Amino acid sequence: MGLKTSTLPFTERIADAAKDQFAHASIAKAQDTQYTKRENARAELGHWQDWRKLGQSIRQHVIQYLPDYLEEFSDNVEKRGGHVFFAQTTDEANDFILNVIKQQNGHHVVKSKSMVTAELDIDKKLQALPDVSILETDLAEFILQEDDWDEPSHIVFPAIHKNRDQVQTIFKKLGYDGDNDPEHMARFARKYLRQRFLEADIGITGCNFAIADSGLINLDTNEGNADLADSIPKTQIVVMGMERLVPSMKEAEIMDNLLARSAVGQKLTTYVTFEGQQSAGESDGPEDFYVVILDNNRSKALGTEFQEILQCIRCGACLNVCPVYRQIGGHGYGSLYPGPVGAVLSPILGGYEQFGELPFASSLCAACTETCPVLIPLHNLLIKHREVETDRLKMMHGFTDFQMRVVGKGTSSPFMFKMALRFKHFGLSPWTHQRPVTATNFFEYNGAMITNGPGMVGGWTDVRDLPSPPKHRDDFRVWFKHHKQQGGETK
Amino acid sequence: MTIQNRDKFLDHLAERLGQPRHQLADHPYQQLNDLPQQTLSDRSPAELLTLARKNSEALPVTFYEVAPVELPQLLTDYISSKGGGPVLLPTTERFTDYNLTDWQASIAATETVNYWQPDADRATNLKAAEIANISISFADFMLAESGTITVSTNAGQGRALHFLPTHYLSIVPRSRVVARSTQAVAWYEQERAAGRLDSSAIHFITGPSNSGDIEMQLVTGVHGPLDVTYVVVDD
Ligand code: SF4
């Protein structure tokens, strides 16, 4: 799979996404549920804006001094007896990992959820090895693997597009004969996966944060599979994006708090683990500990107007508030990284030729920027991408000049866009009609839907009504609070 | 060679950033505000315990507060309520600290009891964890804000002791109930810096293993223990 998850053109992808009514409904439900949980968790903590500034300051500092932090981290991994491989490209990373597995005579690989390993497409490479088995152990990733390696559609909830009946059908192939109750199916997965864990000799994990001053890594999970993957196998291979560093455990702990509240509305994830190469006298944990640090074009953001995207902690909050993600789902983006973060990051990692449409797959409503726990100005970065594409690269992407003027430049200036909001349906009113407002369609902008818009909008509205911008004074929180007070339905 | 491709990789990053390497010593990270330290700092120990109970029970975790003298009976009752052994216990002096040595002998007379053994190999200890119906650990801290216990791995209390058994109980002294993760991390950092702690794994555990991966419906016990019990012991 790798970074690019579809070869279809953007318009076909969103047409496909529109056909999947379950996925659409479940994303809407997830967004609404997560909204309440996330906002409650943040409100309970208090001083949320100052926490965000604190998180931003840590991440910005790390990115600014990234070479030094990477040097310190790798020195400390080495001091503990581990190994570090710096990989410029996915090919280099894959070659190294396959070589380690060969050297260690590994046969049974268990993996815990990791976006970077999906970026590497390492599963496919491992499958090609004749005497090596590979198993994704995160419940969602396991479901996707057993469904012929279906693509993830969310960075925190990868199987959000699958319903319980589909999961039941997938598990039946593995011998499950129970009903479609998620609890029963989870128990089946537990039993099935437990056996495979016990025979595993290689564990591959991601890394939420690498701790520079100790050479330990920090993992935040809820299921416990990452902890089994770093306890049972003799060898652990950690795969991380080069930017995922923190100075010490002290800053990791701050980021863990921001991440849990933003990702799932928890105070801390169920398992927050700081671990590394086995210490003397211990009997489980990795005797052989390898860290693969991947660039894969992340460095292209350094020193540019896009540097701030490297602050991202992959909490998924921006997906969970995005009206476009709500409409087209993860698969509509055609990138491993969907939603606002993906629309900014994918063109950097994969180039404008592959992902040039994504910065335009945004209404620039700024809900993403407003929710980001590390203050990444996501919608401004989308505008900057548009400027690069239209002004510097003169890219057309099949849009006509008129379309680009209306869709691209028409929304490429914050001033213009804000004006559009202030003048309500600036330039779009001829295409709109009104519907009653519900939580489901709030993100579709107060019920005003564009049914036959221009340009990029046109391609989209062929399959789904495009939200018309909200009135300037409204936002979702105000609406939600007001609506709840009135005892209204929220989904 | 244990570090590969580093200099070329880091030089490239420095070039992109437009500044030379090795600047950090003159520009260490300065914490922007003291929110982590201030949050819940106004709570008394009694208030923190109340908060810890409330947040633990919401997870859900079964939560007990007991006097030291009540601890042996509570553990025996707990084991029988979960259907008995095999029970996995750590090898540690803390049994003596909690006056549990007699209990160790008595429980071994009625249940299958295995220990995570400092001298045993990986396979032996993992087997003991795999077959365990119940494991009991000694926690370093309880975090009131989140209903969390923290444990550190050592030769007598391995990583898998916390994850493979079906039911999990952790014991923590009342004096170690702290406001939040900030205090626990400060302690671990201090112990590591002083060379008193060389643990390769520190786990913050907040209730039972769970997942919302199927239709966002929260289910417990996907990989780790199906249920979790905390016991706070007066000290
Ligand atoms: S960009 Fe911000 S909100 Fe989006 S995933 Fe990254 S940290 Fe979370």
# chains A, B, ... in the order shown; residues from 1 in each chain; ligands from 1

$ interface_residues --of "chain A" --to "chain B" --cutoff "6 Å" --atoms "only C-alpha atoms" --output "PDB file with all heavy atoms, in the first residue's frame"
ATOM      1  N   LEU A  54       2.021  24.860  25.485  1.00  0.00           N
ATOM      2  CA  LEU A  54       3.110  24.060  26.062  1.00  0.00           C
ATOM      3  C   LEU A  54       3.502  22.923  25.106  1.00  0.00           C
ATOM      4  O   LEU A  54       4.693  22.703  24.831  1.00  0.00           O
ATOM      5  CB  LEU A  54       2.645  23.504  27.415  1.00  0.00           C
ATOM      6  CG  LEU A  54       3.616  22.624  28.197  1.00  0.00           C
ATOM      7  CD1 LEU A  54       4.911  23.363  28.495  1.00  0.00           C
ATOM      8  CD2 LEU A  54       2.964  22.154  29.515  1.00  0.00           C
ATOM      9  N   PRO A  67      18.452  17.566  14.572  1.00  0.00           N
ATOM     10  CA  PRO A  67      19.678  16.762  14.423  1.00  0.00           C
ATOM     11  C   PRO A  67      20.316  16.448  15.775  1.00  0.00           C
ATOM     12  O   PRO A  67      20.779  15.320  16.009  1.00  0.00           O
ATOM     13  CB  PRO A  67      20.596  17.663  13.582  1.00  0.00           C
ATOM     14  CG  PRO A  67      19.683  18.610  12.878  1.00  0.00           C
ATOM     15  CD  PRO A  67      18.519  18.830  13.802  1.00  0.00           C
ATOM     16  N   ASP A  68      20.297  17.422  16.675  1.00  0.00           N
ATOM     17  CA  ASP A  68      20.937  17.201  17.987  1.00  0.00           C
ATOM     18  C   ASP A  68      20.147  16.199  18.820  1.00  0.00           C
ATOM     19  O   ASP A  68      20.734  15.337  19.496  1.00  0.00           O
ATOM     20  CB  ASP A  68      21.055  18.526  18.755  1.00  0.00           C
ATOM     21  CG  ASP A  68      22.000  19.497  18.057  1.00  0.00           C
ATOM     22  OD1 ASP A  68      22.634  19.090  17.063  1.00  0.00           O
ATOM     23  OD2 ASP A  68      22.086  20.657  18.489  1.00  0.00           O
ATOM     24  N   HIS A  83      20.480  -0.745  18.651  1.00  0.00           N
ATOM     25  CA  HIS A  83      21.007  -0.354  17.341  1.00  0.00           C
ATOM     26  C   HIS A  83      20.069   0.667  16.695  1.00  0.00           C
ATOM     27  O   HIS A  83      18.859   0.578  16.858  1.00  0.00           O
ATOM     28  CB  HIS A  83      21.086  -1.569  16.407  1.00  0.00           C
ATOM     29  CG  HIS A  83      21.723  -2.768  17.040  1.00  0.00           C
ATOM     30  ND1 HIS A  83      23.057  -3.054  16.918  1.00  0.00           N
ATOM     31  CD2 HIS A  83      21.199  -3.736  17.838  1.00  0.00           C
ATOM     32  CE1 HIS A  83      23.341  -4.164  17.591  1.00  0.00           C
ATOM     33  NE2 HIS A  83      22.214  -4.591  18.159  1.00  0.00           N
ATOM     34  N   VAL A  84      20.646   1.598  15.941  1.00  0.00           N
ATOM     35  CA  VAL A  84      19.827   2.615  15.272  1.00  0.00           C
ATOM     36  C   VAL A  84      20.227   2.694  13.809  1.00  0.00           C
ATOM     37  O   VAL A  84      21.413   2.760  13.487  1.00  0.00           O
ATOM     38  CB  VAL A  84      20.009   4.005  15.927  1.00  0.00           C
ATOM     39  CG1 VAL A  84      19.101   5.029  15.253  1.00  0.00           C
ATOM     40  CG2 VAL A  84      19.707   3.943  17.428  1.00  0.00           C
ATOM     41  N   PHE A  85      19.204   2.682  12.959  1.00  0.00           N
ATOM     42  CA  PHE A  85      19.459   2.806  11.522  1.00  0.00           C
ATOM     43  C   PHE A  85      18.723   4.038  11.001  1.00  0.00           C
ATOM     44  O   PHE A  85      17.509   4.158  11.155  1.00  0.00           O
ATOM     45  CB  PHE A  85      18.960   1.550  10.792  1.00  0.00           C
ATOM     46  CG  PHE A  85      19.217   1.582   9.314  1.00  0.00           C
ATOM     47  CD1 PHE A  85      20.457   1.240   8.800  1.00  0.00           C
ATOM     48  CD2 PHE A  85      18.216   1.963   8.430  1.00  0.00           C
ATOM     49  CE1 PHE A  85      20.706   1.274   7.431  1.00  0.00           C
ATOM     50  CE2 PHE A  85      18.447   1.998   7.058  1.00  0.00           C
ATOM     51  CZ  PHE A  85      19.700   1.647   6.560  1.00  0.00           C
ATOM     52  N   PHE A  86      19.465   4.953  10.396  1.00  0.00           N
ATOM     53  CA  PHE A  86      18.852   6.148   9.810  1.00  0.00           C
ATOM     54  C   PHE A  86      18.549   5.853   8.342  1.00  0.00           C
ATOM     55  O   PHE A  86      19.471   5.572   7.568  1.00  0.00           O
ATOM     56  CB  PHE A  86      19.802   7.341   9.930  1.00  0.00           C
ATOM     57  CG  PHE A  86      19.898   7.875  11.334  1.00  0.00           C
ATOM     58  CD1 PHE A  86      20.807   7.338  12.246  1.00  0.00           C
ATOM     59  CD2 PHE A  86      19.072   8.912  11.752  1.00  0.00           C
ATOM     60  CE1 PHE A  86      20.888   7.828  13.542  1.00  0.00           C
ATOM     61  CE2 PHE A  86      19.150   9.403  13.050  1.00  0.00           C
ATOM     62  CZ  PHE A  86      20.054   8.868  13.952  1.00  0.00           C
ATOM     63  N   ALA A 140      -8.152  -3.480  14.960  1.00  0.00           N
ATOM     64  CA  ALA A 140      -8.587  -2.899  13.688  1.00  0.00           C
ATOM     65  C   ALA A 140      -7.672  -3.326  12.542  1.00  0.00           C
ATOM     66  O   ALA A 140      -8.137  -3.702  11.461  1.00  0.00           O
ATOM     67  CB  ALA A 140      -8.619  -1.381  13.785  1.00  0.00           C
ATOM     68  N   ASN A 163     -18.453  -2.405   9.335  1.00  0.00           N
ATOM     69  CA  ASN A 163     -19.475  -2.624  10.348  1.00  0.00           C
ATOM     70  C   ASN A 163     -19.340  -4.019  10.946  1.00  0.00           C
ATOM     71  O   ASN A 163     -18.540  -4.843  10.497  1.00  0.00           O
ATOM     72  CB  ASN A 163     -20.886  -2.362   9.798  1.00  0.00           C
ATOM     73  CG  ASN A 163     -21.293  -3.352   8.724  1.00  0.00           C
ATOM     74  OD1 ASN A 163     -20.849  -4.489   8.731  1.00  0.00           O
ATOM     75  ND2 ASN A 163     -22.136  -2.909   7.810  1.00  0.00           N
ATOM     76  N   PRO A 182     -19.667  -7.137  19.107  1.00  0.00           N
ATOM     77  CA  PRO A 182     -18.241  -6.760  19.118  1.00  0.00           C
ATOM     78  C   PRO A 182     -17.457  -7.397  20.265  1.00  0.00           C
ATOM     79  O   PRO A 182     -16.295  -7.762  20.093  1.00  0.00           O
ATOM     80  CB  PRO A 182     -18.288  -5.234  19.256  1.00  0.00           C
ATOM     81  CG  PRO A 182     -19.578  -4.847  18.626  1.00  0.00           C
ATOM     82  CD  PRO A 182     -20.534  -5.953  18.960  1.00  0.00           C
ATOM     83  N   GLU A 183     -18.097  -7.559  21.416  1.00  0.00           N
ATOM     84  CA  GLU A 183     -17.390  -8.152  22.553  1.00  0.00           C
ATOM     85  C   GLU A 183     -17.010  -9.602  22.264  1.00  0.00           C
ATOM     86  O   GLU A 183     -15.885 -10.035  22.530  1.00  0.00           O
ATOM     87  CB  GLU A 183     -18.277  -8.070  23.804  1.00  0.00           C
ATOM     88  CG  GLU A 183     -17.609  -8.643  25.025  1.00  0.00           C
ATOM     89  CD  GLU A 183     -17.696  -7.708  26.220  1.00  0.00           C
ATOM     90  OE1 GLU A 183     -18.478  -6.750  26.189  1.00  0.00           O
ATOM     91  OE2 GLU A 183     -16.950  -7.963  27.184  1.00  0.00           O
ATOM     92  N   ALA A 186     -14.258  -9.629  19.698  1.00  0.00           N
ATOM     93  CA  ALA A 186     -12.971  -9.219  20.283  1.00  0.00           C
ATOM     94  C   ALA A 186     -12.351 -10.368  21.081  1.00  0.00           C
ATOM     95  O   ALA A 186     -11.139 -10.575  21.051  1.00  0.00           O
ATOM     96  CB  ALA A 186     -13.164  -7.994  21.165  1.00  0.00           C
ATOM     97  N   ARG A 190      -8.808 -12.121  20.532  1.00  0.00           N
ATOM     98  CA  ARG A 190      -7.849 -12.256  21.631  1.00  0.00           C
ATOM     99  C   ARG A 190      -7.238 -13.655  21.635  1.00  0.00           C
ATOM    100  O   ARG A 190      -6.022 -13.828  21.690  1.00  0.00           O
ATOM    101  CB  ARG A 190      -8.572 -11.983  22.956  1.00  0.00           C
ATOM    102  CG  ARG A 190      -7.748 -12.255  24.204  1.00  0.00           C
ATOM    103  CD  ARG A 190      -8.662 -12.247  25.438  1.00  0.00           C
ATOM    104  NE  ARG A 190      -7.941 -12.567  26.647  1.00  0.00           N
ATOM    105  CZ  ARG A 190      -7.351 -11.687  27.439  1.00  0.00           C
ATOM    106  NH1 ARG A 190      -7.393 -10.418  27.150  1.00  0.00           N
ATOM    107  NH2 ARG A 190      -6.713 -12.068  28.519  1.00  0.00           N
ATOM    108  N   ASN A 222      -4.264   1.269  23.824  1.00  0.00           N
ATOM    109  CA  ASN A 222      -5.380   0.859  24.687  1.00  0.00           C
ATOM    110  C   ASN A 222      -5.566  -0.649  24.773  1.00  0.00           C
ATOM    111  O   ASN A 222      -6.152  -1.145  25.720  1.00  0.00           O
ATOM    112  CB  ASN A 222      -6.691   1.481  24.188  1.00  0.00           C
ATOM    113  CG  ASN A 222      -6.818   2.926  24.634  1.00  0.00           C
ATOM    114  OD1 ASN A 222      -6.496   3.262  25.768  1.00  0.00           O
ATOM    115  ND2 ASN A 222      -7.260   3.777  23.737  1.00  0.00           N
ATOM    116  N   GLU A 223      -5.115  -1.368  23.752  1.00  0.00           N
ATOM    117  CA  GLU A 223      -5.423  -2.802  23.717  1.00  0.00           C
ATOM    118  C   GLU A 223      -4.405  -3.641  24.475  1.00  0.00           C
ATOM    119  O   GLU A 223      -4.716  -4.714  24.962  1.00  0.00           O
ATOM    120  CB  GLU A 223      -5.492  -3.283  22.267  1.00  0.00           C
ATOM    121  CG  GLU A 223      -6.651  -2.657  21.501  1.00  0.00           C
ATOM    122  CD  GLU A 223      -6.758  -3.174  20.079  1.00  0.00           C
ATOM    123  OE1 GLU A 223      -6.023  -4.118  19.717  1.00  0.00           O
ATOM    124  OE2 GLU A 223      -7.569  -2.618  19.327  1.00  0.00           O
ATOM    125  N   GLY A 224      -3.157  -3.173  24.491  1.00  0.00           N
ATOM    126  CA  GLY A 224      -2.112  -3.955  25.142  1.00  0.00           C
ATOM    127  C   GLY A 224      -1.294  -4.772  24.161  1.00  0.00           C
ATOM    128  O   GLY A 224      -0.350  -5.463  24.551  1.00  0.00           O
ATOM    129  N   ASN A 225      -1.605  -4.689  22.877  1.00  0.00           N
ATOM    130  CA  ASN A 225      -0.862  -5.500  21.911  1.00  0.00           C
ATOM    131  C   ASN A 225       0.569  -5.011  21.725  1.00  0.00           C
ATOM    132  O   ASN A 225       1.497  -5.806  21.555  1.00  0.00           O
ATOM    133  CB  ASN A 225      -1.589  -5.559  20.553  1.00  0.00           C
ATOM    134  CG  ASN A 225      -1.826  -4.198  19.955  1.00  0.00           C
ATOM    135  OD1 ASN A 225      -2.220  -3.275  20.652  1.00  0.00           O
ATOM    136  ND2 ASN A 225      -1.582  -4.062  18.673  1.00  0.00           N
ATOM    137  N   SER A 231       7.245  -7.325  24.763  1.00  0.00           N
ATOM    138  CA  SER A 231       7.610  -8.190  25.897  1.00  0.00           C
ATOM    139  C   SER A 231       8.040  -9.585  25.444  1.00  0.00           C
ATOM    140  O   SER A 231       9.041 -10.116  25.914  1.00  0.00           O
ATOM    141  CB  SER A 231       6.407  -8.382  26.839  1.00  0.00           C
ATOM    142  OG  SER A 231       5.963  -7.172  27.346  1.00  0.00           O
ATOM    143  N   LYS A 267      -7.995  10.480  29.744  1.00  0.00           N
ATOM    144  CA  LYS A 267      -6.990  11.282  30.448  1.00  0.00           C
ATOM    145  C   LYS A 267      -5.603  10.769  30.109  1.00  0.00           C
ATOM    146  O   LYS A 267      -4.670  11.536  29.876  1.00  0.00           O
ATOM    147  CB  LYS A 267      -7.248  11.212  31.948  1.00  0.00           C
ATOM    148  CG  LYS A 267      -8.524  11.979  32.298  1.00  0.00           C
ATOM    149  CD  LYS A 267      -9.080  11.566  33.619  1.00  0.00           C
ATOM    150  CE  LYS A 267     -10.416  12.238  33.827  1.00  0.00           C
ATOM    151  NZ  LYS A 267     -11.350  11.409  34.589  1.00  0.00           N
ATOM    152  N   THR A 270      -4.842   3.618  28.004  1.00  0.00           N
ATOM    153  CA  THR A 270      -4.800   2.537  28.996  1.00  0.00           C
ATOM    154  C   THR A 270      -3.363   2.122  29.307  1.00  0.00           C
ATOM    155  O   THR A 270      -3.019   1.885  30.463  1.00  0.00           O
ATOM    156  CB  THR A 270      -5.603   1.333  28.480  1.00  0.00           C
ATOM    157  OG1 THR A 270      -6.932   1.797  28.191  1.00  0.00           O
ATOM    158  CG2 THR A 270      -5.672   0.221  29.510  1.00  0.00           C
ATOM    159  N   TYR A 271      -2.563   2.023  28.279  1.00  0.00           N
ATOM    160  CA  TYR A 271      -1.164   1.656  28.494  1.00  0.00           C
ATOM    161  C   TYR A 271      -0.259   2.780  27.972  1.00  0.00           C
ATOM    162  O   TYR A 271      -0.238   3.067  26.781  1.00  0.00           O
ATOM    163  CB  TYR A 271      -0.829   0.350  27.770  1.00  0.00           C
ATOM    164  CG  TYR A 271      -1.665  -0.810  28.243  1.00  0.00           C
ATOM    165  CD1 TYR A 271      -2.612  -1.410  27.411  1.00  0.00           C
ATOM    166  CD2 TYR A 271      -1.530  -1.309  29.543  1.00  0.00           C
ATOM    167  CE1 TYR A 271      -3.388  -2.473  27.862  1.00  0.00           C
ATOM    168  CE2 TYR A 271      -2.307  -2.357  29.992  1.00  0.00           C
ATOM    169  CZ  TYR A 271      -3.228  -2.934  29.153  1.00  0.00           C
ATOM    170  OH  TYR A 271      -3.995  -3.971  29.603  1.00  0.00           O
ATOM    171  N   VAL A 272       0.443   3.405  28.888  1.00  0.00           N
ATOM    172  CA  VAL A 272       1.496   4.354  28.511  1.00  0.00           C
ATOM    173  C   VAL A 272       2.800   3.681  28.923  1.00  0.00           C
ATOM    174  O   VAL A 272       3.029   3.424  30.107  1.00  0.00           O
ATOM    175  CB  VAL A 272       1.334   5.698  29.243  1.00  0.00           C
ATOM    176  CG1 VAL A 272       2.516   6.624  28.924  1.00  0.00           C
ATOM    177  CG2 VAL A 272       0.025   6.377  28.862  1.00  0.00           C
ATOM    178  N   THR A 273       3.613   3.370  27.943  1.00  0.00           N
ATOM    179  CA  THR A 273       4.793   2.545  28.201  1.00  0.00           C
ATOM    180  C   THR A 273       6.066   3.279  27.793  1.00  0.00           C
ATOM    181  O   THR A 273       6.109   3.918  26.741  1.00  0.00           O
ATOM    182  CB  THR A 273       4.663   1.229  27.395  1.00  0.00           C
ATOM    183  OG1 THR A 273       3.542   0.515  27.901  1.00  0.00           O
ATOM    184  CG2 THR A 273       5.914   0.373  27.501  1.00  0.00           C
ATOM    185  N   PHE A 274       7.059   3.189  28.635  1.00  0.00           N
ATOM    186  CA  PHE A 274       8.396   3.705  28.319  1.00  0.00           C
ATOM    187  C   PHE A 274       9.310   2.491  28.318  1.00  0.00           C
ATOM    188  O   PHE A 274       9.483   1.849  29.373  1.00  0.00           O
ATOM    189  CB  PHE A 274       8.861   4.701  29.388  1.00  0.00           C
ATOM    190  CG  PHE A 274       7.898   5.853  29.595  1.00  0.00           C
ATOM    191  CD1 PHE A 274       6.877   5.761  30.534  1.00  0.00           C
ATOM    192  CD2 PHE A 274       8.009   7.015  28.849  1.00  0.00           C
ATOM    193  CE1 PHE A 274       5.979   6.813  30.719  1.00  0.00           C
ATOM    194  CE2 PHE A 274       7.116   8.070  29.035  1.00  0.00           C
ATOM    195  CZ  PHE A 274       6.100   7.969  29.972  1.00  0.00           C
ATOM    196  N   GLU A 275       9.852   2.143  27.191  1.00  0.00           N
ATOM    197  CA  GLU A 275      10.618   0.883  27.164  1.00  0.00           C
ATOM    198  C   GLU A 275      11.742   0.930  26.148  1.00  0.00           C
ATOM    199  O   GLU A 275      11.761   1.752  25.243  1.00  0.00           O
ATOM    200  CB  GLU A 275       9.684  -0.300  26.888  1.00  0.00           C
ATOM    201  CG  GLU A 275       9.027  -0.321  25.507  1.00  0.00           C
ATOM    202  CD  GLU A 275       9.793  -1.091  24.462  1.00  0.00           C
ATOM    203  OE1 GLU A 275      10.571  -1.995  24.821  1.00  0.00           O
ATOM    204  OE2 GLU A 275       9.635  -0.785  23.263  1.00  0.00           O
ATOM    205  N   GLY A 276      12.661  -0.012  26.316  1.00  0.00           N
ATOM    206  CA  GLY A 276      13.783  -0.117  25.397  1.00  0.00           C
ATOM    207  C   GLY A 276      14.496  -1.439  25.583  1.00  0.00           C
ATOM    208  O   GLY A 276      13.931  -2.405  26.125  1.00  0.00           O
ATOM    209  N   GLN A 278      16.353  -4.515  26.748  1.00  0.00           N
ATOM    210  CA  GLN A 278      16.325  -5.213  28.041  1.00  0.00           C
ATOM    211  C   GLN A 278      17.526  -4.832  28.924  1.00  0.00           C
ATOM    212  O   GLN A 278      18.640  -4.728  28.434  1.00  0.00           O
ATOM    213  CB  GLN A 278      16.371  -6.703  27.724  1.00  0.00           C
ATOM    214  CG  GLN A 278      16.172  -7.624  28.866  1.00  0.00           C
ATOM    215  CD  GLN A 278      16.437  -9.064  28.417  1.00  0.00           C
ATOM    216  OE1 GLN A 278      17.588  -9.477  28.258  1.00  0.00           O
ATOM    217  NE2 GLN A 278      15.388  -9.824  28.197  1.00  0.00           N
ATOM    218  N   SER A 279      17.257  -4.637  30.235  1.00  0.00           N
ATOM    219  CA  SER A 279      18.354  -4.363  31.181  1.00  0.00           C
ATOM    220  C   SER A 279      18.875  -5.673  31.761  1.00  0.00           C
ATOM    221  O   SER A 279      18.185  -6.704  31.713  1.00  0.00           O
ATOM    222  CB  SER A 279      17.860  -3.480  32.325  1.00  0.00           C
ATOM    223  OG  SER A 279      17.485  -2.220  31.855  1.00  0.00           O
ATOM    224  N   GLY A 281      19.629  -8.751  33.912  1.00  0.00           N
ATOM    225  CA  GLY A 281      18.840  -9.491  34.895  1.00  0.00           C
ATOM    226  C   GLY A 281      17.397  -9.703  34.487  1.00  0.00           C
ATOM    227  O   GLY A 281      16.718 -10.587  35.011  1.00  0.00           O
ATOM    228  N   GLU A 282      16.891  -8.900  33.562  1.00  0.00           N
ATOM    229  CA  GLU A 282      15.493  -9.065  33.122  1.00  0.00           C
ATOM    230  C   GLU A 282      15.404 -10.241  32.160  1.00  0.00           C
ATOM    231  O   GLU A 282      16.352 -10.525  31.422  1.00  0.00           O
ATOM    232  CB  GLU A 282      15.005  -7.787  32.438  1.00  0.00           C
ATOM    233  CG  GLU A 282      14.946  -6.588  33.373  1.00  0.00           C
ATOM    234  CD  GLU A 282      14.635  -5.264  32.676  1.00  0.00           C
ATOM    235  OE1 GLU A 282      14.567  -5.262  31.420  1.00  0.00           O
ATOM    236  OE2 GLU A 282      14.485  -4.257  33.361  1.00  0.00           O
ATOM    237  N   SER A 283      14.239 -10.906  32.139  1.00  0.00           N
ATOM    238  CA  SER A 283      14.148 -12.083  31.268  1.00  0.00           C
ATOM    239  C   SER A 283      13.247 -11.888  30.059  1.00  0.00           C
ATOM    240  O   SER A 283      13.367 -12.623  29.075  1.00  0.00           O
ATOM    241  CB  SER A 283      13.680 -13.304  32.064  1.00  0.00           C
ATOM    242  OG  SER A 283      12.488 -13.018  32.749  1.00  0.00           O
ATOM    243  N   ASP A 284      12.294 -10.930  30.097  1.00  0.00           N
ATOM    244  CA  ASP A 284      11.539 -10.664  28.863  1.00  0.00           C
ATOM    245  C   ASP A 284      11.888  -9.274  28.349  1.00  0.00           C
ATOM    246  O   ASP A 284      12.800  -8.628  28.869  1.00  0.00           O
ATOM    247  CB  ASP A 284      10.031 -10.887  29.048  1.00  0.00           C
ATOM    248  CG  ASP A 284       9.383  -9.914  30.014  1.00  0.00           C
ATOM    249  OD1 ASP A 284      10.118  -9.191  30.728  1.00  0.00           O
ATOM    250  OD2 ASP A 284       8.146  -9.882  30.070  1.00  0.00           O
ATOM    251  N   LEU A 302      11.448  20.833   6.440  1.00  0.00           N
ATOM    252  CA  LEU A 302      12.336  21.612   7.315  1.00  0.00           C
ATOM    253  C   LEU A 302      12.804  22.881   6.619  1.00  0.00           C
ATOM    254  O   LEU A 302      13.148  22.870   5.435  1.00  0.00           O
ATOM    255  CB  LEU A 302      13.564  20.780   7.707  1.00  0.00           C
ATOM    256  CG  LEU A 302      13.345  19.650   8.705  1.00  0.00           C
ATOM    257  CD1 LEU A 302      14.651  18.901   8.925  1.00  0.00           C
ATOM    258  CD2 LEU A 302      12.793  20.159  10.027  1.00  0.00           C
ATOM    259  N   GLY A 303      12.816  23.970   7.380  1.00  0.00           N
ATOM    260  CA  GLY A 303      13.294  25.227   6.825  1.00  0.00           C
ATOM    261  C   GLY A 303      12.335  25.853   5.828  1.00  0.00           C
ATOM    262  O   GLY A 303      12.701  26.798   5.132  1.00  0.00           O
TER     263      GLY A 303
END

$ residues_around --residues "A:Lys111" --least-positions-apart "5" --cutoff "7 Å" --atoms "only C-alpha atoms" --output "CSV table (one decimal) with C-alpha atoms, in the first residue's frame"
chain,number,residue,atom,x,y,z
A,135,LEU,CA,0.5,-10.7,11.8
A,136,GLU,CA,-1.1,-7.3,12.6
A,137,THR,CA,-2.2,-7.5,16.2
A,203,GLY,CA,8.0,-7.7,17.3
A,204,ILE,CA,7.6,-4.6,15.2
A,205,THR,CA,6.2,-1.5,16.9
A,229,ALA,CA,4.9,-7.2,21.1

$ atom_distance --atom1 "atom CA of A:Ala87" --atom2 "atom CA of A:Asp295"
6.3 Å

$ select_by_dssp --residues "stretch 43-97 of chain A" --states "alpha helix (DSSP H)" --output "PyMOL selection string"
chain A and resi 43-45+48-64+66-79+90-97
